[in-house]
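Participant: What follows is data-v5.cif; its format and atoms are mmCIF, N, CA and C atoms.
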```cif
data_structure
#
loop_
_atom_site.label_atom_id
_atom_site.label_comp_id
_atom_site.auth_asym_id
_atom_site.auth_seq_id
_atom_site.Cartn_x
_atom_site.Cartn_y
_atom_site.Cartn_z
N MET A 1257 113.19 102.30 103.31
CA MET A 1257 113.96 101.41 104.17
C MET A 1257 115.38 101.93 104.33
N GLY A 1258 115.86 102.64 103.32
CA GLY A 1258 117.20 103.20 103.41
C GLY A 1258 117.37 104.10 104.62
N ARG A 1259 116.37 104.95 104.88
CA ARG A 1259 116.46 105.84 106.04
C ARG A 1259 116.40 105.05 107.34
N ALA A 1260 115.57 104.03 107.40
CA ALA A 1260 115.49 103.19 108.60
C ALA A 1260 116.83 102.51 108.86
N LEU A 1261 117.50 102.06 107.82
CA LEU A 1261 118.82 101.45 107.99
C LEU A 1261 119.85 102.46 108.47
N SER A 1262 119.79 103.68 107.98
CA SER A 1262 120.69 104.74 108.45
C SER A 1262 120.47 105.00 109.94
N LEU A 1263 119.22 105.02 110.35
CA LEU A 1263 118.90 105.21 111.76
C LEU A 1263 119.41 104.05 112.60
N ALA A 1264 119.27 102.84 112.08
CA ALA A 1264 119.77 101.66 112.79
C ALA A 1264 121.28 101.76 112.99
N ARG A 1265 122.00 102.20 111.97
CA ARG A 1265 123.45 102.38 112.10
C ARG A 1265 123.79 103.44 113.15
N ALA A 1266 123.01 104.51 113.20
CA ALA A 1266 123.22 105.54 114.21
C ALA A 1266 122.98 104.97 115.61
N GLY A 1267 121.98 104.13 115.74
CA GLY A 1267 121.72 103.48 117.02
C GLY A 1267 122.88 102.60 117.44
N ALA A 1268 123.41 101.84 116.49
CA ALA A 1268 124.55 100.97 116.79
C ALA A 1268 125.75 101.80 117.25
N ALA A 1269 125.99 102.92 116.60
CA ALA A 1269 127.10 103.80 116.98
C ALA A 1269 126.92 104.33 118.40
N ALA A 1270 125.68 104.43 118.86
CA ALA A 1270 125.39 104.91 120.21
C ALA A 1270 125.35 103.76 121.22
N GLY A 1271 125.63 102.53 120.75
CA GLY A 1271 125.62 101.37 121.64
C GLY A 1271 124.27 100.71 121.80
N GLU A 1272 123.31 101.11 120.99
CA GLU A 1272 121.97 100.52 121.04
C GLU A 1272 121.85 99.41 120.00
N VAL A 1273 120.95 98.46 120.24
CA VAL A 1273 120.68 97.43 119.25
C VAL A 1273 120.23 98.14 117.97
N PRO A 1274 120.87 97.83 116.84
CA PRO A 1274 120.63 98.59 115.61
C PRO A 1274 119.30 98.31 114.91
N ILE A 1275 118.29 99.02 115.37
CA ILE A 1275 116.97 98.94 114.75
C ILE A 1275 116.51 100.37 114.50
N GLY A 1276 116.06 100.63 113.29
CA GLY A 1276 115.55 101.95 112.93
C GLY A 1276 114.15 101.84 112.37
N ALA A 1277 113.38 102.92 112.55
CA ALA A 1277 112.00 102.93 112.06
C ALA A 1277 111.63 104.32 111.56
N VAL A 1278 110.82 104.35 110.52
CA VAL A 1278 110.28 105.61 110.02
C VAL A 1278 108.78 105.45 109.76
N VAL A 1279 108.04 106.52 110.02
CA VAL A 1279 106.62 106.56 109.70
C VAL A 1279 106.46 107.48 108.50
N VAL A 1280 105.76 106.98 107.50
CA VAL A 1280 105.55 107.71 106.24
C VAL A 1280 104.06 107.97 106.05
N LYS A 1281 103.76 109.20 105.65
CA LYS A 1281 102.37 109.58 105.32
C LYS A 1281 102.41 110.32 103.99
N ASP A 1282 101.63 109.86 103.05
CA ASP A 1282 101.55 110.49 101.73
C ASP A 1282 102.93 110.64 101.09
N GLY A 1283 103.76 109.62 101.25
CA GLY A 1283 105.08 109.59 100.62
C GLY A 1283 106.17 110.37 101.31
N ALA A 1284 105.87 111.00 102.45
CA ALA A 1284 106.87 111.78 103.18
C ALA A 1284 107.09 111.21 104.58
N ILE A 1285 108.33 111.21 105.03
CA ILE A 1285 108.64 110.77 106.39
C ILE A 1285 108.14 111.85 107.35
N ILE A 1286 107.29 111.42 108.30
CA ILE A 1286 106.78 112.37 109.29
C ILE A 1286 107.38 112.13 110.68
N ALA A 1287 108.00 110.97 110.88
CA ALA A 1287 108.63 110.66 112.16
C ALA A 1287 109.64 109.54 111.95
N GLU A 1288 110.66 109.53 112.81
CA GLU A 1288 111.68 108.50 112.71
C GLU A 1288 112.35 108.31 114.07
N ALA A 1289 112.98 107.15 114.23
CA ALA A 1289 113.68 106.88 115.49
C ALA A 1289 114.56 105.64 115.34
N HIS A 1290 115.49 105.50 116.26
CA HIS A 1290 116.21 104.25 116.43
C HIS A 1290 116.04 103.83 117.89
N ASN A 1291 116.39 102.61 118.19
CA ASN A 1291 116.26 102.10 119.56
C ASN A 1291 117.03 102.98 120.53
N THR A 1292 116.45 103.23 121.72
CA THR A 1292 117.15 103.95 122.77
C THR A 1292 116.89 103.40 124.18
N PRO A 1293 116.59 102.12 124.36
CA PRO A 1293 116.32 101.63 125.72
C PRO A 1293 117.49 101.85 126.69
N ARG A 1294 118.70 101.64 126.23
CA ARG A 1294 119.85 101.82 127.12
C ARG A 1294 120.08 103.29 127.43
N THR A 1295 120.05 104.11 126.40
CA THR A 1295 120.27 105.55 126.56
C THR A 1295 119.21 106.17 127.47
N ASP A 1296 117.96 105.82 127.25
CA ASP A 1296 116.85 106.43 127.98
C ASP A 1296 116.46 105.67 129.25
N HIS A 1297 117.12 104.53 129.51
CA HIS A 1297 116.75 103.69 130.66
C HIS A 1297 115.25 103.40 130.62
N ASP A 1298 114.79 102.98 129.44
CA ASP A 1298 113.37 102.77 129.18
C ASP A 1298 113.20 101.52 128.32
N PRO A 1299 112.70 100.44 128.89
CA PRO A 1299 112.54 99.21 128.11
C PRO A 1299 111.54 99.32 126.97
N THR A 1300 110.72 100.35 126.97
CA THR A 1300 109.75 100.52 125.89
C THR A 1300 110.28 101.42 124.77
N ALA A 1301 111.50 101.87 124.85
CA ALA A 1301 112.05 102.82 123.86
C ALA A 1301 112.55 102.10 122.61
N HIS A 1302 111.69 101.27 122.04
CA HIS A 1302 112.00 100.60 120.78
C HIS A 1302 111.78 101.62 119.65
N ALA A 1303 112.48 101.42 118.55
CA ALA A 1303 112.40 102.34 117.42
C ALA A 1303 110.96 102.54 116.96
N GLU A 1304 110.21 101.46 116.87
CA GLU A 1304 108.82 101.56 116.40
C GLU A 1304 107.97 102.41 117.34
N ILE A 1305 108.09 102.18 118.64
CA ILE A 1305 107.30 102.91 119.63
C ILE A 1305 107.62 104.40 119.56
N LEU A 1306 108.91 104.72 119.52
CA LEU A 1306 109.32 106.12 119.47
C LEU A 1306 108.84 106.80 118.19
N ALA A 1307 108.96 106.10 117.06
CA ALA A 1307 108.51 106.68 115.79
C ALA A 1307 106.99 106.88 115.78
N ILE A 1308 106.25 105.93 116.33
CA ILE A 1308 104.79 106.04 116.41
C ILE A 1308 104.41 107.22 117.30
N ARG A 1309 105.07 107.36 118.45
CA ARG A 1309 104.77 108.49 119.35
C ARG A 1309 105.02 109.82 118.65
N ARG A 1310 106.14 109.92 117.96
CA ARG A 1310 106.48 111.17 117.27
C ARG A 1310 105.52 111.46 116.12
N ALA A 1311 105.10 110.42 115.42
CA ALA A 1311 104.15 110.61 114.32
C ALA A 1311 102.79 111.07 114.86
N ALA A 1312 102.35 110.49 115.96
CA ALA A 1312 101.08 110.89 116.56
C ALA A 1312 101.12 112.37 116.98
N LYS A 1313 102.24 112.78 117.55
CA LYS A 1313 102.38 114.20 117.91
C LYS A 1313 102.39 115.08 116.68
N ALA A 1314 103.11 114.65 115.65
CA ALA A 1314 103.19 115.45 114.42
C ALA A 1314 101.82 115.63 113.77
N LEU A 1315 101.01 114.58 113.83
CA LEU A 1315 99.67 114.64 113.20
C LEU A 1315 98.60 115.16 114.15
N GLY A 1316 98.92 115.20 115.45
CA GLY A 1316 97.92 115.63 116.42
C GLY A 1316 96.78 114.63 116.56
N ASP A 1317 97.12 113.33 116.42
CA ASP A 1317 96.09 112.29 116.45
C ASP A 1317 96.75 110.98 116.87
N GLU A 1318 96.10 110.25 117.75
CA GLU A 1318 96.65 108.95 118.16
C GLU A 1318 96.45 107.87 117.11
N ARG A 1319 95.62 108.12 116.14
CA ARG A 1319 95.39 107.16 115.06
C ARG A 1319 96.16 107.62 113.83
N LEU A 1320 97.03 106.77 113.38
CA LEU A 1320 97.89 107.09 112.23
C LEU A 1320 97.30 106.51 110.95
N ILE A 1321 96.07 106.90 110.68
CA ILE A 1321 95.32 106.42 109.52
C ILE A 1321 96.09 106.78 108.24
N GLY A 1322 96.26 105.80 107.37
CA GLY A 1322 96.93 106.03 106.09
C GLY A 1322 98.45 106.08 106.18
N CYS A 1323 99.00 105.79 107.34
CA CYS A 1323 100.46 105.83 107.51
C CYS A 1323 101.09 104.46 107.29
N GLU A 1324 102.35 104.50 106.93
CA GLU A 1324 103.16 103.29 106.76
C GLU A 1324 104.26 103.33 107.80
N LEU A 1325 104.63 102.15 108.31
CA LEU A 1325 105.78 102.03 109.21
C LEU A 1325 106.81 101.16 108.53
N TRP A 1326 108.03 101.70 108.40
CA TRP A 1326 109.15 100.98 107.82
C TRP A 1326 110.14 100.71 108.95
N VAL A 1327 110.47 99.45 109.19
CA VAL A 1327 111.36 99.10 110.31
C VAL A 1327 112.33 98.01 109.87
N THR A 1328 113.51 98.02 110.46
CA THR A 1328 114.58 97.12 110.01
C THR A 1328 114.48 95.71 110.56
N LEU A 1329 113.63 95.47 111.55
CA LEU A 1329 113.48 94.14 112.12
C LEU A 1329 112.00 93.86 112.40
N GLU A 1330 111.61 92.63 112.25
CA GLU A 1330 110.24 92.22 112.58
C GLU A 1330 109.87 92.70 113.98
N PRO A 1331 108.77 93.41 114.12
CA PRO A 1331 108.38 93.94 115.43
C PRO A 1331 108.10 92.85 116.47
N CYS A 1332 108.41 93.20 117.73
CA CYS A 1332 108.10 92.34 118.87
C CYS A 1332 106.61 92.47 119.20
N ALA A 1333 106.14 91.73 120.19
CA ALA A 1333 104.73 91.77 120.57
C ALA A 1333 104.30 93.16 121.03
N MET A 1334 105.15 93.84 121.81
CA MET A 1334 104.82 95.18 122.28
C MET A 1334 104.63 96.13 121.10
N CYS A 1335 105.57 96.10 120.17
CA CYS A 1335 105.51 97.01 119.02
C CYS A 1335 104.37 96.65 118.09
N ALA A 1336 104.11 95.36 117.90
CA ALA A 1336 102.99 94.95 117.06
C ALA A 1336 101.67 95.43 117.66
N GLY A 1337 101.56 95.37 118.98
CA GLY A 1337 100.36 95.88 119.64
C GLY A 1337 100.21 97.38 119.40
N ALA A 1338 101.30 98.11 119.51
CA ALA A 1338 101.25 99.56 119.27
C ALA A 1338 100.87 99.87 117.83
N ILE A 1339 101.39 99.08 116.90
CA ILE A 1339 101.06 99.25 115.48
C ILE A 1339 99.56 99.08 115.26
N ALA A 1340 99.00 98.05 115.89
CA ALA A 1340 97.56 97.81 115.76
C ALA A 1340 96.76 98.96 116.37
N HIS A 1341 97.13 99.38 117.57
CA HIS A 1341 96.40 100.46 118.25
C HIS A 1341 96.52 101.79 117.50
N ALA A 1342 97.65 102.01 116.84
CA ALA A 1342 97.85 103.26 116.08
C ALA A 1342 97.13 103.22 114.73
N ARG A 1343 96.65 102.05 114.35
CA ARG A 1343 95.95 101.87 113.07
C ARG A 1343 96.86 102.13 111.87
N ILE A 1344 98.12 101.72 112.00
CA ILE A 1344 99.07 101.82 110.88
C ILE A 1344 98.49 101.03 109.70
N ALA A 1345 98.48 101.62 108.52
CA ALA A 1345 97.89 100.96 107.35
C ALA A 1345 98.77 99.84 106.80
N ARG A 1346 100.09 100.14 106.70
CA ARG A 1346 101.01 99.17 106.11
C ARG A 1346 102.29 99.10 106.93
N LEU A 1347 102.75 97.89 107.16
CA LEU A 1347 104.00 97.63 107.87
C LEU A 1347 104.97 96.99 106.89
N TYR A 1348 106.15 97.60 106.77
CA TYR A 1348 107.23 97.05 105.96
C TYR A 1348 108.39 96.76 106.90
N TYR A 1349 108.89 95.53 106.89
CA TYR A 1349 110.07 95.27 107.72
C TYR A 1349 111.10 94.47 106.94
N ALA A 1350 112.35 94.66 107.35
CA ALA A 1350 113.47 94.06 106.63
C ALA A 1350 113.70 92.62 107.07
N ALA A 1351 114.34 92.44 108.20
CA ALA A 1351 114.74 91.10 108.65
C ALA A 1351 113.68 90.46 109.54
N SER A 1352 113.50 89.18 109.38
CA SER A 1352 112.64 88.41 110.27
C SER A 1352 113.36 88.19 111.59
N ASP A 1353 112.59 87.98 112.65
CA ASP A 1353 113.16 87.74 113.98
C ASP A 1353 112.52 86.52 114.62
N PRO A 1354 113.04 85.33 114.30
CA PRO A 1354 112.44 84.11 114.84
C PRO A 1354 112.45 84.05 116.37
N LYS A 1355 113.39 84.73 117.00
CA LYS A 1355 113.50 84.70 118.47
C LYS A 1355 112.53 85.66 119.15
N GLY A 1356 112.41 86.89 118.67
CA GLY A 1356 111.61 87.89 119.37
C GLY A 1356 110.50 88.51 118.56
N GLY A 1357 110.40 88.16 117.29
CA GLY A 1357 109.37 88.74 116.44
C GLY A 1357 107.98 88.24 116.80
N ALA A 1358 106.98 89.05 116.49
CA ALA A 1358 105.60 88.67 116.82
C ALA A 1358 104.63 88.94 115.68
N VAL A 1359 105.19 89.01 114.45
CA VAL A 1359 104.34 89.20 113.27
C VAL A 1359 104.24 87.88 112.52
N GLU A 1360 105.37 87.35 112.06
CA GLU A 1360 105.35 86.05 111.40
C GLU A 1360 105.86 84.94 112.31
N HIS A 1361 106.33 85.32 113.48
CA HIS A 1361 106.83 84.37 114.47
C HIS A 1361 106.12 84.57 115.81
N GLY A 1362 106.39 83.68 116.75
CA GLY A 1362 105.90 83.85 118.12
C GLY A 1362 104.41 84.10 118.21
N ALA A 1363 104.06 85.21 118.85
CA ALA A 1363 102.66 85.52 119.15
C ALA A 1363 101.79 85.77 117.91
N ARG A 1364 102.41 86.15 116.80
CA ARG A 1364 101.65 86.47 115.58
C ARG A 1364 100.45 87.37 115.92
N VAL A 1365 100.78 88.50 116.49
CA VAL A 1365 99.78 89.41 117.05
C VAL A 1365 98.65 89.73 116.08
N PHE A 1366 98.97 90.00 114.83
CA PHE A 1366 97.94 90.40 113.88
C PHE A 1366 97.00 89.26 113.49
N ASP A 1367 97.38 88.03 113.79
CA ASP A 1367 96.53 86.88 113.49
C ASP A 1367 95.55 86.55 114.62
N GLN A 1368 95.68 87.22 115.75
CA GLN A 1368 94.84 86.91 116.91
C GLN A 1368 93.45 87.55 116.75
N PRO A 1369 92.40 86.84 117.17
CA PRO A 1369 91.05 87.40 117.04
C PRO A 1369 90.86 88.68 117.87
N GLN A 1370 91.67 88.86 118.91
CA GLN A 1370 91.55 90.06 119.75
C GLN A 1370 92.22 91.28 119.13
N CYS A 1371 92.96 91.10 118.07
CA CYS A 1371 93.66 92.22 117.43
C CYS A 1371 92.63 93.16 116.80
N LEU A 1372 92.68 94.42 117.19
CA LEU A 1372 91.69 95.41 116.76
C LEU A 1372 91.88 95.90 115.33
N HIS A 1373 93.11 95.80 114.83
CA HIS A 1373 93.42 96.30 113.49
C HIS A 1373 94.57 95.48 112.93
N ARG A 1374 94.50 95.14 111.68
CA ARG A 1374 95.54 94.36 111.02
C ARG A 1374 96.10 95.15 109.84
N PRO A 1375 97.36 95.57 109.95
CA PRO A 1375 97.94 96.29 108.81
C PRO A 1375 98.29 95.32 107.69
N GLU A 1376 98.44 95.85 106.50
CA GLU A 1376 99.04 95.06 105.43
C GLU A 1376 100.51 94.89 105.84
N VAL A 1377 101.06 93.70 105.63
CA VAL A 1377 102.43 93.42 106.06
C VAL A 1377 103.28 92.98 104.87
N TYR A 1378 104.44 93.61 104.74
CA TYR A 1378 105.40 93.27 103.69
C TYR A 1378 106.75 93.08 104.36
N SER A 1379 107.38 91.94 104.12
CA SER A 1379 108.66 91.65 104.77
C SER A 1379 109.75 91.36 103.75
N GLY A 1380 110.98 91.38 104.22
CA GLY A 1380 112.12 90.99 103.41
C GLY A 1380 112.75 92.12 102.61
N ILE A 1381 112.32 93.35 102.82
CA ILE A 1381 112.88 94.49 102.08
C ILE A 1381 114.23 94.85 102.71
N ALA A 1382 115.32 94.74 101.95
CA ALA A 1382 116.68 94.97 102.46
C ALA A 1382 117.01 94.04 103.62
N GLU A 1383 116.48 92.84 103.56
CA GLU A 1383 116.63 91.88 104.64
C GLU A 1383 118.10 91.56 104.94
N ASP A 1384 118.89 91.30 103.91
CA ASP A 1384 120.29 90.92 104.13
C ASP A 1384 121.07 92.03 104.81
N GLU A 1385 120.86 93.27 104.38
CA GLU A 1385 121.58 94.39 104.97
C GLU A 1385 121.22 94.57 106.45
N ALA A 1386 119.94 94.48 106.76
CA ALA A 1386 119.49 94.62 108.14
C ALA A 1386 120.00 93.47 109.01
N ALA A 1387 119.93 92.25 108.49
CA ALA A 1387 120.41 91.09 109.25
C ALA A 1387 121.92 91.18 109.48
N ASP A 1388 122.66 91.60 108.47
CA ASP A 1388 124.12 91.75 108.62
C ASP A 1388 124.45 92.79 109.68
N LEU A 1389 123.72 93.88 109.69
CA LEU A 1389 123.94 94.93 110.67
C LEU A 1389 123.74 94.40 112.10
N LEU A 1390 122.68 93.65 112.30
CA LEU A 1390 122.43 93.05 113.62
C LEU A 1390 123.48 92.01 113.98
N ARG A 1391 123.81 91.14 113.03
CA ARG A 1391 124.83 90.11 113.29
C ARG A 1391 126.17 90.72 113.67
N ASP A 1392 126.59 91.73 112.91
CA ASP A 1392 127.86 92.39 113.19
C ASP A 1392 127.86 93.08 114.54
N PHE A 1393 126.74 93.69 114.90
CA PHE A 1393 126.61 94.38 116.18
C PHE A 1393 126.82 93.39 117.33
N PHE A 1394 126.11 92.26 117.26
CA PHE A 1394 126.21 91.29 118.37
C PHE A 1394 127.53 90.53 118.34
N LYS A 1395 128.06 90.27 117.17
CA LYS A 1395 129.36 89.59 117.06
C LYS A 1395 130.46 90.42 117.74
N ALA A 1396 130.42 91.72 117.57
CA ALA A 1396 131.42 92.61 118.17
C ALA A 1396 131.31 92.64 119.68
N ARG A 1397 130.17 92.23 120.24
CA ARG A 1397 129.98 92.27 121.67
C ARG A 1397 130.19 90.92 122.36
N ARG A 1398 130.47 89.91 121.58
CA ARG A 1398 130.68 88.56 122.16
C ARG A 1398 132.13 88.32 122.45
#
```
How would this structure read if it were set down as structure tokens?

Facilitator:
Amino acid sequence: MGRALSLARAGAAAGEVPIGAVVVKDGAIIAEAHNTPRTDHDPTAHAEILAIRRAAKALGDERLIGCELWVTLEPCAMCAGAIAHARIARLYYAASDPKGGAVEHGARVFDQPQCLHRPEVYSGIAEDEAADLLRDFFKARR
């Protein structure tokens, strides 16, 4: 989670919402990203999506069997769908997102009968640090 938080800080410095994500396989980071929707003019350029794309390329496979995704904020519905389709084994996230999250809030994507794959989910890791980073980012813009 430490690396994901570092990526989130880098995103904030670039003017992006501070969310970072890393994909881990066999204890090693194989892909990482921070949000870039503004930079890339791409609404799908969430940290999770970018990290999943990079991991799939690194492994040469669209299925990330045995991989873990570490992210600083509860994934949205789009990202949760990508996590399911990528067959991520375990999802670790820091801060909950009652407004836009779709794992423990909102759509609860992994709880739906149509969900093709359900990762193990662990939340609250470095939650305060991730939440503070987001709060400070938005406070500075108000």

Participant: What is the atom CA of Lys1281 of chain A-atom C of Gly1322 of chain A distance in Å, reported with one decimal?

Facilitator: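 A separation of 5.3 Å between them.
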
Participant: If the PyMOL selection byres ((chain A and resi 1324) around 6) were run on this exact file, what residues would it hold? Put them as a ChimeraX atom specification.

Facilitator: /A:1278-1281,1322-1323,1325-1326,1344-1347

Participant: Can you tell me which residues surround Pro1331 of chain A at a distance of at most 8 Å, considering all atoms listed in the file, apart from same-chain residues fewer than 2 positions away, and format the answer as a list of chain:residue names?

Facilitator: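 Listed by chain and then number, they are A:Glu1304, A:Val1327, A:Thr1328, A:Leu1329, A:Ala1333, A:Met1334, A:Cys1335, A:Ala1336, A:Gly1337, A:Tyr1348, A:Tyr1349, A:Ala1350, A:Ala1351, A:Ser1352, A:Asp1353, A:Gly1356, A:Gly1357, A:Ala1358, A:Val1359, A:Glu1360.
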
Participant: Determine the nearest neighbour of Ala1289 of chain A from the options A:Arg1397, A:Lys1313, A:His1361, A:Arg1259, counting all atoms listed in the file.

Facilitator: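 Using all atoms listed in the file, the shortest distance to Ala1289 of chain A belongs to A:Arg1259.
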
Participant: Can you pull out every residue within 6 Å of Leu1263 of chain A, counting only C-alpha atoms, but drop anything in the same chain fewer than 3 positions away, and send it as a list in words?

Facilitator: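 Those residues are Ala1260, Ala1266, Gly1276 and His1290 of chain A.
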
Participant: What does the distance between atom CA of Leu1372 of chain A and atom CA of Thr1292 of chain A come to in Å, to one decimal place?

Facilitator: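 Computing the Euclidean distance for atom CA of Leu1372 of chain A and atom CA of Thr1292 of chain A yields 27.5 Å.
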
Participant: Enumerate the residues of chain A with a DSSP assignment of helix (DSSP H, G or I), computed from the backbone, and present them as an MDAnalysis selection string.

Facilitator: chainID A and resid 1258:1269 1293:1296 1303:1315 1333:1342 1365:1367 1383:1397

Participant: Please extract the residues of chain A with a backbone DSSP assignment of strand (DSSP E or B) and present them as an MDAnalysis selection string.

Facilitator: chainID A and resid 1276:1281 1284:1290 1323:1329 1346:1351 1376:1379

Participant: If you measure from atom N of Glu1376 of chain A to atom N of Asp1298 of chain A, what distance in Å do you get, rounded to one decimal?

Facilitator: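 Between atom N of Glu1376 of chain A and atom N of Asp1298 of chain A the gap works out to 29.1 Å.
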